[in-house]
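Novice: Input structure: work17.cif, which contains mmCIF, C-alpha atoms.
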```cif
data_upload
loop_
_atom_site.label_atom_id
_atom_site.label_comp_id
_atom_site.auth_asym_id
_atom_site.auth_seq_id
_atom_site.Cartn_x
_atom_site.Cartn_y
_atom_site.Cartn_z
CA MET A 245 -118.78 13.65 15.48
CA THR A 246 -118.60 13.35 11.69
CA ARG A 247 -121.15 14.83 9.33
CA ALA A 248 -122.84 12.14 7.24
CA THR A 249 -126.06 11.19 5.44
CA ALA A 250 -128.25 8.19 6.17
CA TYR A 251 -131.84 7.03 6.00
CA THR A 252 -133.92 7.50 9.14
CA PRO A 253 -137.18 5.60 9.79
CA ASP A 254 -140.30 7.43 8.64
CA GLY A 255 -143.00 4.76 8.92
CA ARG A 256 -143.41 4.38 5.17
CA PRO A 257 -142.66 1.29 3.06
CA GLY A 258 -139.27 2.35 1.76
CA PRO A 259 -135.71 2.92 2.89
CA GLY A 260 -136.66 5.90 5.09
CA GLN A 261 -136.07 9.64 4.94
CA LEU A 262 -132.66 10.82 3.75
CA ARG A 263 -131.19 13.14 6.36
CA GLU A 264 -127.93 14.60 7.50
CA ILE A 265 -126.81 12.93 10.72
CA ASN A 266 -123.83 12.97 13.06
CA LEU A 267 -121.84 9.77 13.27
CA ASP A 268 -119.33 8.95 16.01
CA VAL A 269 -116.40 7.64 13.98
CA LEU A 270 -112.97 6.70 15.35
CA GLN A 271 -111.30 5.97 12.03
CA VAL A 272 -112.09 6.19 8.31
CA GLY A 273 -110.38 3.58 6.13
CA ARG A 274 -110.41 3.03 2.39
CA ALA A 275 -113.65 1.06 2.54
CA GLU A 276 -114.45 0.85 6.23
CA LEU A 277 -115.60 2.91 9.19
CA VAL A 278 -114.43 2.08 12.69
CA LEU A 279 -116.90 3.12 15.37
CA PRO A 280 -116.61 2.73 19.16
CA GLU A 281 -119.15 -0.12 18.96
CA ALA A 282 -118.55 -1.70 15.55
CA THR A 283 -116.50 -1.84 12.37
CA ILE A 284 -118.38 -1.56 9.07
CA ARG A 285 -116.46 -2.77 6.01
CA ASP A 286 -117.23 -3.18 2.31
CA GLU A 287 -115.44 -6.35 1.17
CA ARG A 288 -115.66 -5.80 -2.61
CA GLY A 289 -112.38 -3.94 -2.97
CA GLY A 290 -111.50 -0.44 -4.08
CA THR A 291 -111.45 2.88 -2.28
CA LEU A 292 -114.77 4.31 -1.11
CA PHE A 293 -113.49 7.02 1.23
CA ASP A 294 -110.61 9.40 0.64
CA ASN A 295 -111.44 11.92 3.39
CA ASP A 296 -113.63 12.30 6.44
CA VAL A 297 -116.66 13.67 4.56
CA LEU A 298 -119.32 10.96 4.70
CA VAL A 299 -122.04 12.59 2.62
CA PHE A 300 -123.03 10.41 -0.35
CA ASP A 301 -125.89 9.93 -2.78
CA PRO A 302 -127.83 6.67 -2.23
CA ALA A 303 -128.15 6.48 -6.04
CA SER A 304 -131.31 4.37 -5.69
CA GLY A 305 -129.25 1.50 -4.35
CA GLY A 306 -126.75 1.37 -7.21
CA GLY A 307 -126.57 -2.10 -8.69
CA PRO A 308 -125.72 -3.61 -12.06
CA LEU A 309 -127.67 -1.15 -14.24
CA VAL A 310 -126.06 2.13 -13.18
CA SER A 311 -122.76 3.79 -13.98
CA ALA A 312 -119.61 2.98 -12.04
CA ALA A 313 -119.75 6.42 -10.44
CA ALA A 314 -123.33 5.93 -9.25
CA ASP A 315 -122.56 2.47 -7.90
CA HIS A 316 -119.56 3.90 -6.04
CA GLN A 317 -121.84 6.46 -4.39
CA ALA A 318 -124.36 3.76 -3.49
CA ARG A 319 -121.69 1.51 -1.98
CA ALA A 320 -120.15 4.31 0.06
CA PHE A 321 -123.60 5.38 1.23
CA GLY A 322 -124.34 1.77 2.20
CA VAL A 323 -121.35 1.66 4.55
CA VAL A 324 -122.36 4.95 6.16
CA ASN A 325 -126.03 4.02 6.39
CA THR A 326 -125.17 0.67 7.97
CA ALA A 327 -122.83 2.39 10.42
CA PHE A 328 -125.57 4.80 11.49
CA HIS A 329 -128.13 2.08 12.14
CA VAL A 330 -125.68 -0.31 13.81
CA GLN A 331 -124.47 2.46 16.12
CA ARG A 332 -128.05 3.50 16.90
CA ALA A 333 -129.08 -0.09 17.70
CA LEU A 334 -126.04 -0.93 19.80
CA ARG A 335 -126.25 2.30 21.80
CA PHE A 336 -129.94 1.69 22.42
CA VAL A 337 -129.14 -1.79 23.73
CA ALA A 338 -126.23 -0.56 25.86
CA SER A 339 -128.41 2.13 27.44
CA LEU A 340 -130.94 -0.48 28.60
CA LEU A 341 -128.50 -3.24 29.58
CA HIS A 342 -126.13 -0.73 31.21
CA ARG A 343 -123.25 -2.41 29.41
CA PRO A 344 -122.03 -2.59 25.80
CA LEU A 345 -122.21 -5.69 23.65
CA PRO A 346 -118.92 -7.01 22.21
CA HIS A 347 -117.51 -5.05 19.28
CA LEU A 348 -119.38 -6.08 16.13
CA LEU A 349 -117.88 -6.51 12.66
CA VAL A 350 -120.25 -5.92 9.73
CA ARG A 351 -119.07 -7.06 6.31
CA ILE A 352 -120.91 -5.76 3.25
CA GLY A 353 -120.81 -7.37 -0.18
CA MET A 354 -120.13 -10.86 1.10
CA HIS A 355 -120.77 -13.95 -1.01
CA ASP A 356 -120.79 -13.29 -4.72
CA ARG A 357 -123.91 -15.36 -5.23
CA PRO A 358 -126.80 -13.90 -7.27
CA SER A 359 -129.27 -15.97 -5.24
CA TRP A 360 -128.38 -14.27 -1.94
CA GLY A 361 -129.23 -10.64 -1.41
CA GLY A 362 -130.05 -10.43 2.28
CA GLY A 363 -128.15 -10.63 5.53
CA HIS A 364 -127.15 -13.12 8.19
CA TYR A 365 -125.38 -13.29 11.54
CA ARG A 366 -122.39 -15.60 11.65
CA LEU A 367 -120.39 -17.26 14.41
CA PRO A 368 -117.22 -19.27 13.68
CA ASN A 369 -117.77 -22.85 12.55
CA PRO A 370 -115.87 -24.91 9.93
CA GLY A 371 -119.18 -25.76 8.27
CA ASN A 372 -119.99 -22.13 7.50
CA GLY A 373 -118.28 -22.18 4.13
CA GLU A 374 -116.94 -18.69 4.81
CA ALA A 375 -113.87 -17.69 2.81
CA ILE A 376 -112.68 -15.37 5.59
CA PRO A 377 -112.41 -16.48 9.25
CA VAL A 378 -115.30 -15.28 11.40
CA ARG A 379 -114.63 -13.46 14.66
CA PRO A 380 -115.58 -15.42 17.80
CA ALA A 381 -117.85 -12.61 19.06
CA GLY A 382 -119.95 -12.80 15.88
CA GLU A 383 -120.29 -10.92 12.61
CA VAL A 384 -123.07 -9.54 10.43
CA HIS A 385 -122.78 -10.24 6.71
CA LEU A 386 -124.83 -8.21 4.23
CA GLY A 387 -125.25 -9.33 0.64
CA ARG A 388 -124.73 -7.36 -2.56
CA GLY A 389 -128.42 -7.21 -3.41
CA ARG A 390 -130.27 -9.09 -6.13
CA ALA A 391 -133.63 -7.46 -6.88
CA PHE A 392 -135.29 -4.16 -7.66
CA LEU A 393 -137.98 -2.72 -5.40
CA THR A 394 -140.25 0.30 -5.50
CA ALA A 395 -139.39 3.24 -3.27
CA PRO A 396 -141.66 6.19 -2.37
CA GLY A 397 -142.39 8.20 -5.51
CA ARG A 398 -142.70 4.92 -7.42
CA ARG A 399 -139.05 5.00 -8.40
CA ARG A 400 -137.11 1.80 -8.96
CA TYR A 401 -134.60 1.00 -6.22
CA PHE A 402 -131.95 -1.72 -6.21
CA HIS A 403 -132.36 -3.59 -2.95
CA ALA A 404 -128.91 -3.35 -1.39
CA PRO A 405 -129.27 -4.74 2.18
CA ALA A 406 -126.90 -2.03 3.46
CA HIS A 407 -129.62 0.48 2.50
CA ASN A 408 -132.33 -1.39 4.43
CA ALA A 409 -132.53 -0.58 8.14
CA ALA A 410 -134.88 -3.52 8.83
CA ILE A 411 -132.30 -6.08 7.73
CA ILE A 412 -129.53 -4.29 9.63
CA TYR A 413 -131.52 -4.10 12.86
CA HIS A 414 -132.60 -7.73 12.62
CA GLU A 415 -129.02 -8.95 12.31
CA VAL A 416 -127.88 -6.77 15.21
CA GLY A 417 -130.75 -8.38 17.13
CA HIS A 418 -129.04 -11.75 16.70
CA HIS A 419 -125.85 -10.25 18.16
CA LEU A 420 -127.92 -9.14 21.14
CA CYS A 421 -129.38 -12.63 21.60
CA ARG A 422 -125.98 -14.31 21.33
CA HIS A 423 -124.54 -12.17 24.12
CA THR A 424 -127.56 -12.26 26.45
CA ALA A 425 -129.96 -15.22 26.21
CA ASP A 426 -127.48 -17.31 24.21
CA PHE A 427 -130.26 -19.71 23.27
CA ARG A 428 -127.86 -22.30 21.82
CA LEU A 429 -125.33 -21.96 24.66
CA ASN A 430 -122.52 -21.05 22.30
CA ARG A 431 -120.43 -19.78 25.18
CA LEU A 432 -120.07 -23.41 26.30
CA ARG A 433 -118.96 -24.61 22.87
CA PRO A 434 -115.40 -24.51 21.47
CA THR A 435 -114.71 -20.97 20.26
CA GLN A 436 -114.28 -22.02 16.62
CA ARG A 437 -117.19 -24.48 16.67
CA GLN A 438 -120.17 -22.41 17.66
CA THR A 439 -123.52 -23.18 16.06
CA ASN A 440 -125.27 -20.83 13.67
CA THR A 441 -128.61 -22.61 13.96
CA LYS A 442 -131.28 -20.11 15.00
CA ILE A 443 -134.41 -20.98 16.94
CA ALA A 444 -137.78 -19.23 16.79
CA LEU A 445 -137.07 -17.15 19.90
CA ASP A 446 -133.85 -15.83 18.36
CA GLU A 447 -135.64 -14.81 15.16
CA GLY A 448 -138.62 -13.42 17.06
CA CYS A 449 -136.53 -11.31 19.44
CA ALA A 450 -134.56 -9.95 16.49
CA ASP A 451 -137.83 -9.02 14.78
CA VAL A 452 -139.35 -7.28 17.79
CA MET A 453 -136.14 -5.31 18.31
CA THR A 454 -136.44 -4.25 14.67
CA ALA A 455 -140.02 -3.13 15.25
CA ILE A 456 -139.01 -1.10 18.30
CA LEU A 457 -136.24 0.69 16.43
CA LEU A 458 -138.33 1.26 13.29
CA ARG A 459 -141.43 2.18 15.33
CA THR A 460 -143.69 0.05 13.13
CA ASP A 461 -145.13 -3.46 13.19
CA ASP A 462 -144.76 -3.86 9.42
CA ILE A 463 -141.02 -4.18 9.71
CA TYR A 464 -140.38 -5.72 6.29
CA GLY A 465 -143.08 -3.74 4.51
CA TRP A 466 -140.61 -2.46 1.94
CA HIS A 467 -138.84 -5.52 0.58
CA ARG A 468 -141.75 -7.90 1.36
CA ARG A 469 -144.57 -5.65 0.23
CA HIS A 470 -145.44 -8.13 -2.53
CA ILE A 471 -146.48 -10.57 0.22
CA PRO A 472 -149.98 -9.86 1.62
CA VAL A 473 -150.14 -8.77 5.25
CA TRP A 474 -152.28 -11.82 6.04
CA ASP A 475 -149.46 -14.13 4.91
CA GLN A 476 -147.13 -15.12 7.75
CA ARG A 477 -144.12 -14.78 5.41
CA ARG A 478 -144.64 -10.99 5.47
CA ARG A 479 -143.67 -11.18 9.17
CA LYS A 480 -145.90 -8.29 10.10
CA LEU A 481 -146.33 -8.26 13.87
CA ASP A 482 -150.06 -8.74 13.77
CA PRO A 483 -152.29 -9.85 16.69
CA ARG A 484 -153.61 -12.69 14.50
CA TRP A 485 -150.40 -14.70 14.90
CA THR A 486 -150.90 -17.08 17.82
CA MET A 487 -149.53 -20.46 18.84
CA ALA A 488 -152.11 -21.95 16.48
CA HIS A 489 -149.79 -20.75 13.70
CA PHE A 490 -146.68 -22.22 15.32
CA HIS A 491 -145.12 -25.30 13.67
CA GLY A 492 -141.90 -26.17 15.48
CA GLY A 493 -139.39 -28.84 14.56
CA ARG A 494 -135.96 -28.66 12.97
CA HIS A 495 -137.35 -28.72 9.42
CA GLN A 496 -139.62 -25.70 9.92
CA ASP A 497 -138.72 -22.07 9.28
CA PRO A 498 -137.79 -20.42 12.61
CA HIS A 499 -138.50 -17.00 11.05
CA ALA A 500 -142.20 -17.83 10.62
CA ASP A 501 -142.46 -19.35 14.10
CA GLY A 502 -140.57 -16.37 15.47
CA THR A 503 -143.29 -14.10 14.12
CA VAL A 504 -145.65 -15.58 16.74
CA TRP A 505 -143.30 -14.56 19.54
CA ALA A 506 -142.52 -11.15 18.04
CA SER A 507 -146.22 -10.40 17.54
CA ALA A 508 -146.98 -11.35 21.14
CA CYS A 509 -144.18 -9.09 22.39
CA TRP A 510 -145.45 -6.24 20.25
CA SER A 511 -148.98 -6.72 21.66
CA ALA A 512 -147.52 -6.71 25.18
CA ARG A 513 -145.61 -3.52 24.46
CA GLN A 514 -148.75 -1.84 23.14
CA GLY A 515 -150.74 -3.10 26.11
CA VAL A 516 -148.43 -1.82 28.82
CA THR A 517 -148.10 1.48 26.94
CA ALA A 518 -151.89 1.83 26.79
CA GLY A 519 -151.88 1.26 30.54
CA GLY A 520 -149.70 4.32 31.05
CA ALA A 521 -146.20 2.83 31.10
CA ASP A 522 -143.35 4.27 29.06
CA PRO A 523 -142.72 1.95 26.09
CA VAL A 524 -139.00 2.09 26.89
CA ARG A 525 -139.81 0.41 30.18
CA PHE A 526 -141.10 -2.57 28.23
CA ASP A 527 -137.99 -2.50 26.06
CA ALA A 528 -135.82 -2.63 29.18
CA LEU A 529 -137.96 -5.48 30.53
CA LEU A 530 -137.46 -7.46 27.34
CA LEU A 531 -133.68 -7.00 27.25
CA ARG A 532 -133.36 -7.75 30.96
CA SER A 533 -135.38 -10.94 30.45
CA LEU A 534 -132.89 -12.03 27.77
CA GLU A 535 -130.11 -11.65 30.31
CA LEU A 536 -132.06 -13.56 32.94
CA ALA A 537 -132.84 -16.35 30.49
CA GLY A 538 -129.17 -16.54 29.58
CA ASP A 539 -128.25 -17.25 33.18
CA ASP A 540 -130.64 -20.21 33.57
CA ASP A 541 -129.44 -23.77 32.89
CA ALA A 542 -126.14 -22.35 31.71
CA ALA A 543 -123.90 -25.12 32.99
CA SER A 544 -124.81 -27.86 30.51
CA ARG A 545 -125.39 -28.34 26.79
CA ALA A 546 -127.40 -31.51 27.40
CA THR A 547 -130.29 -32.02 25.00
CA PRO A 548 -133.05 -31.42 27.59
CA THR A 549 -131.44 -28.11 28.52
CA LEU A 550 -131.26 -26.94 24.91
CA LEU A 551 -134.85 -28.01 24.31
CA ARG A 552 -136.07 -26.03 27.33
CA ARG A 553 -134.31 -22.96 26.02
CA ARG A 554 -136.59 -23.11 22.95
CA HIS A 555 -139.75 -22.72 25.03
CA PHE A 556 -141.60 -19.43 24.72
CA SER A 557 -142.92 -19.93 28.24
CA ARG A 558 -139.39 -19.93 29.65
CA LEU A 559 -138.59 -16.49 28.27
CA LEU A 560 -142.05 -15.26 29.30
CA ALA A 561 -141.29 -16.31 32.89
CA ALA A 562 -138.05 -14.31 32.70
CA MET A 563 -140.06 -11.29 31.49
CA THR A 564 -142.30 -11.45 34.55
CA ARG A 565 -139.23 -11.53 36.81
CA ALA A 566 -137.59 -8.63 34.97
CA ASP A 567 -140.36 -6.18 35.94
CA PRO A 568 -142.97 -7.67 38.29
CA GLN A 569 -145.14 -4.53 38.17
CA LEU A 570 -145.66 -4.90 34.43
CA ALA A 571 -146.08 -8.69 34.63
CA PRO A 572 -149.92 -8.77 34.74
CA GLY A 573 -150.23 -6.76 31.52
CA VAL A 574 -147.52 -8.78 29.81
CA LEU A 575 -149.11 -12.09 30.82
CA ALA A 576 -152.53 -10.98 29.57
CA ALA A 577 -151.18 -9.90 26.19
CA MET A 578 -149.16 -13.07 25.79
CA ALA A 579 -152.14 -15.24 26.74
CA ALA A 580 -154.10 -13.66 23.88
CA HIS A 581 -151.45 -15.17 21.58
CA GLY A 582 -151.70 -18.55 23.29
CA ILE A 583 -148.44 -18.17 25.27
CA ARG A 584 -148.53 -19.02 28.97
CA PRO A 585 -145.86 -19.82 31.57
CA GLY A 586 -144.84 -23.38 32.36
CA VAL A 587 -145.98 -25.04 29.12
CA SER A 588 -143.93 -26.45 26.24
CA ASN A 589 -144.27 -25.02 22.75
CA SER A 590 -145.92 -28.19 21.46
CA ASP A 591 -148.54 -28.17 24.24
CA LEU A 592 -149.19 -24.46 23.70
CA ARG A 593 -149.72 -25.19 20.02
CA LYS A 594 -152.15 -28.05 20.74
CA THR A 595 -154.19 -25.89 23.09
CA ALA A 596 -154.26 -22.93 20.72
CA ARG A 597 -155.33 -25.07 17.77
CA ALA A 598 -158.04 -26.75 19.81
CA GLU A 599 -159.35 -23.36 20.93
CA HIS A 600 -159.24 -22.10 17.34
CA ALA A 601 -161.14 -25.13 16.05
CA LYS A 602 -163.75 -24.69 18.77
CA ALA A 603 -164.18 -21.00 17.94
CA VAL A 604 -164.54 -21.70 14.23
CA GLY A 605 -167.09 -24.43 14.87
CA ALA A 606 -169.12 -22.35 17.30
#
```
For the file at hand, write its structure as C-alpha cells.

Specialist:
Amino acid sequence: MTRATAYTPDGRPGPGQLREINLDVLQVGRAELVLPEATIRDERGGTLFDNDVLVFDPASGGGPLVSAAADHQARAFGVVNTAFHVQRALRFVASLLHRPLPHLLVRIGMHDRPSWGGGHYRLPNPGNGEAIPVRPAGEVHLGRGRAFLTAPGRRRYFHAPAHNAAIIYHEVGHHLCRHTADFRLNRLRPTQRQTNTKIALDEGCADVMTAILLRTDDIYGWHRRHIPVWDQRRRKLDPRWTMAHFHGGRHQDPHADGTVWASACWSARQGVTAGGADPVRFDALLLRSLELAGDDDAASRATPTLLRRRHFSRLLAAMTRADPQLAPGVLAAMAAHGIRPGVSNSDLRKTARAEHAKAVGA
C-alpha cells in the first residue's frame, strides 16, 4: 500500500474531504499509476511523479490562472484522486459480482478543446475521432477542465474532472454496463467497430452507481449547483422523476431520460432499506440484474432485440429475478415512478402522462 492523498465523499456540494488514504499501486510511472484494476495516465506530457510518495496539494484544481508549480501539484493530485476513486469503484463492483471487470485505462487531459471539460467512456470505433487508438475493453477519458466553481469555504475552484468523484464514478459505471448488461451488444460487434451510443438505461445505471458510492442523491450538486433541483438537467435522483418525464427517441438526451431510471432505483434502494434490508443487498441485486439482462437475447443484434434492451421493464424483470425476496418492495417503488414489468417505454410514458393529467385535473 502506498501513502497518498485524495478527496473522500462528505455529502457536501464540493470535491469532498481531503484525507490521507492508502492506495494499492503496482507501478508508478512518470505521469501514470498502474493499479491491479486500472491504469491512470495524464496525457499532457511531462513528469508528475519522481518517487513513490503520492501526497500532493489539490491547488484548487490548478488551471490556467495559477503558477506552473501549482498546476503541476493539481495535475499530480488529479491522477492520484482518480486512481483512488476508480479503485474504490471497481473493487466495490468486484465484491458484488464476485469477479473483476476488465482492466480499465483512464486517460486524463484528453482533447485540447476549451468546450469540453467533462468525461466520457470510449470504445474503439473509427468514427470516434480519437487521436490515440482506444482499447477494446473500453477507456475513460477525462477532460482538462474549462470552468471555475465554488468549493466549501466559498473559494474558487477550477473544475478539473479528475478532481470530481461524481464524474469518475459515472464513467466507471459505463464500464460496468459494457461488461455486464452490454445494452448495445458490443460483444457481438467487430472489436474495432463497437458503438459508443448510450441509451437511457446505461446513463441511469451509471448515475445510480454514482449515488451509491457518493451516498447522496444529489450526485452532481457541485458542478451543477447552478441548475435548480427541480430542473431535470440537475440529475438529482428525486422521487418526482417518473415516466411522465421520459422522452425517448434517438434525438433526445439519454442522460435526462436516465434520471428517471436512476431515481426509481434510488427510491427502491431506500424502500428496501426502510424495510430492514441491508442497502448493499440492493446494490448486489442491481449488479446481478445487469448480468442477467446481459445474458438475454444475446445471440442477435437484430433491431427488435436492440429495441427490447432499451426497455426499463426488461431490466426491472431481471431485478426481480436477481433477489425474489426483495422483489415486492422493488416493484412497488418502481411502480411509483411509472415503471412496471412487461411494458415498453413508450407505453409506460403514455400511461404515466395520462395519470399525471388526470391528477392535475382532479

Novice: Can you turn the PyMOL selection byres ((chain A and resi 584-586) around 6) into a concrete residue list for this file, as a ChimeraX atom specification?

Specialist: /A:557,561,579,583,587

Novice: Could you tell me which residues the PyMOL selection byres ((chain A and resi 410) around 7) grabs in this file, written as an MDAnalysis selection string?

Specialist: chainID A and resid 408:409 411:414 454 463:464

Novice: As a check of understanding, name the residues that the PyMOL selection byres ((chain A and resi 503-510) around 7) selects in the supplied structure, as a list in words.

Specialist: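 Applied to this file, the PyMOL selection byres ((chain A and resi 503-510) around 7) selects Leu445, Gly448, Cys449, Asp451, Val452, Arg479, Leu481, Asp482, Pro483, Trp485, Thr486, Met487, Phe490, His499, Ala500, Asp501, Gly502, Ser511, Ala512, Arg513, Gln514, Ala577, Met578 and His581 of chain A.
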
Novice: Compile the contact shell of A:Tyr401 as a ChimeraX atom specification: residues with an atom at most 12 Å away, counting all atoms listed in the file, same-chain residues fewer than 2 positions apart removed.

Specialist: /A:258-259,302-310,318,389-399,403-405,407-408,466-467

Novice: To one decimal in Å, tell me the separation between atom CA of A:Ile284 and atom CA of A:Thr326.

Specialist: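 Distance reported for this atom pair: 7.2 Å.
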
Novice: Near A:Thr547, within 12 Å and counting all atoms listed in the file, which residues show up once chain neighbours fewer than 6 positions away are dropped, as a ChimeraX atom specification?

Specialist: /A:428-429,541,553-554

Novice: Just how far from atom CA of A:Lys442 is atom CA of A:Leu340, in Å to one decimal?

Specialist: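 Here the two named atoms are 23.9 Å from each other.
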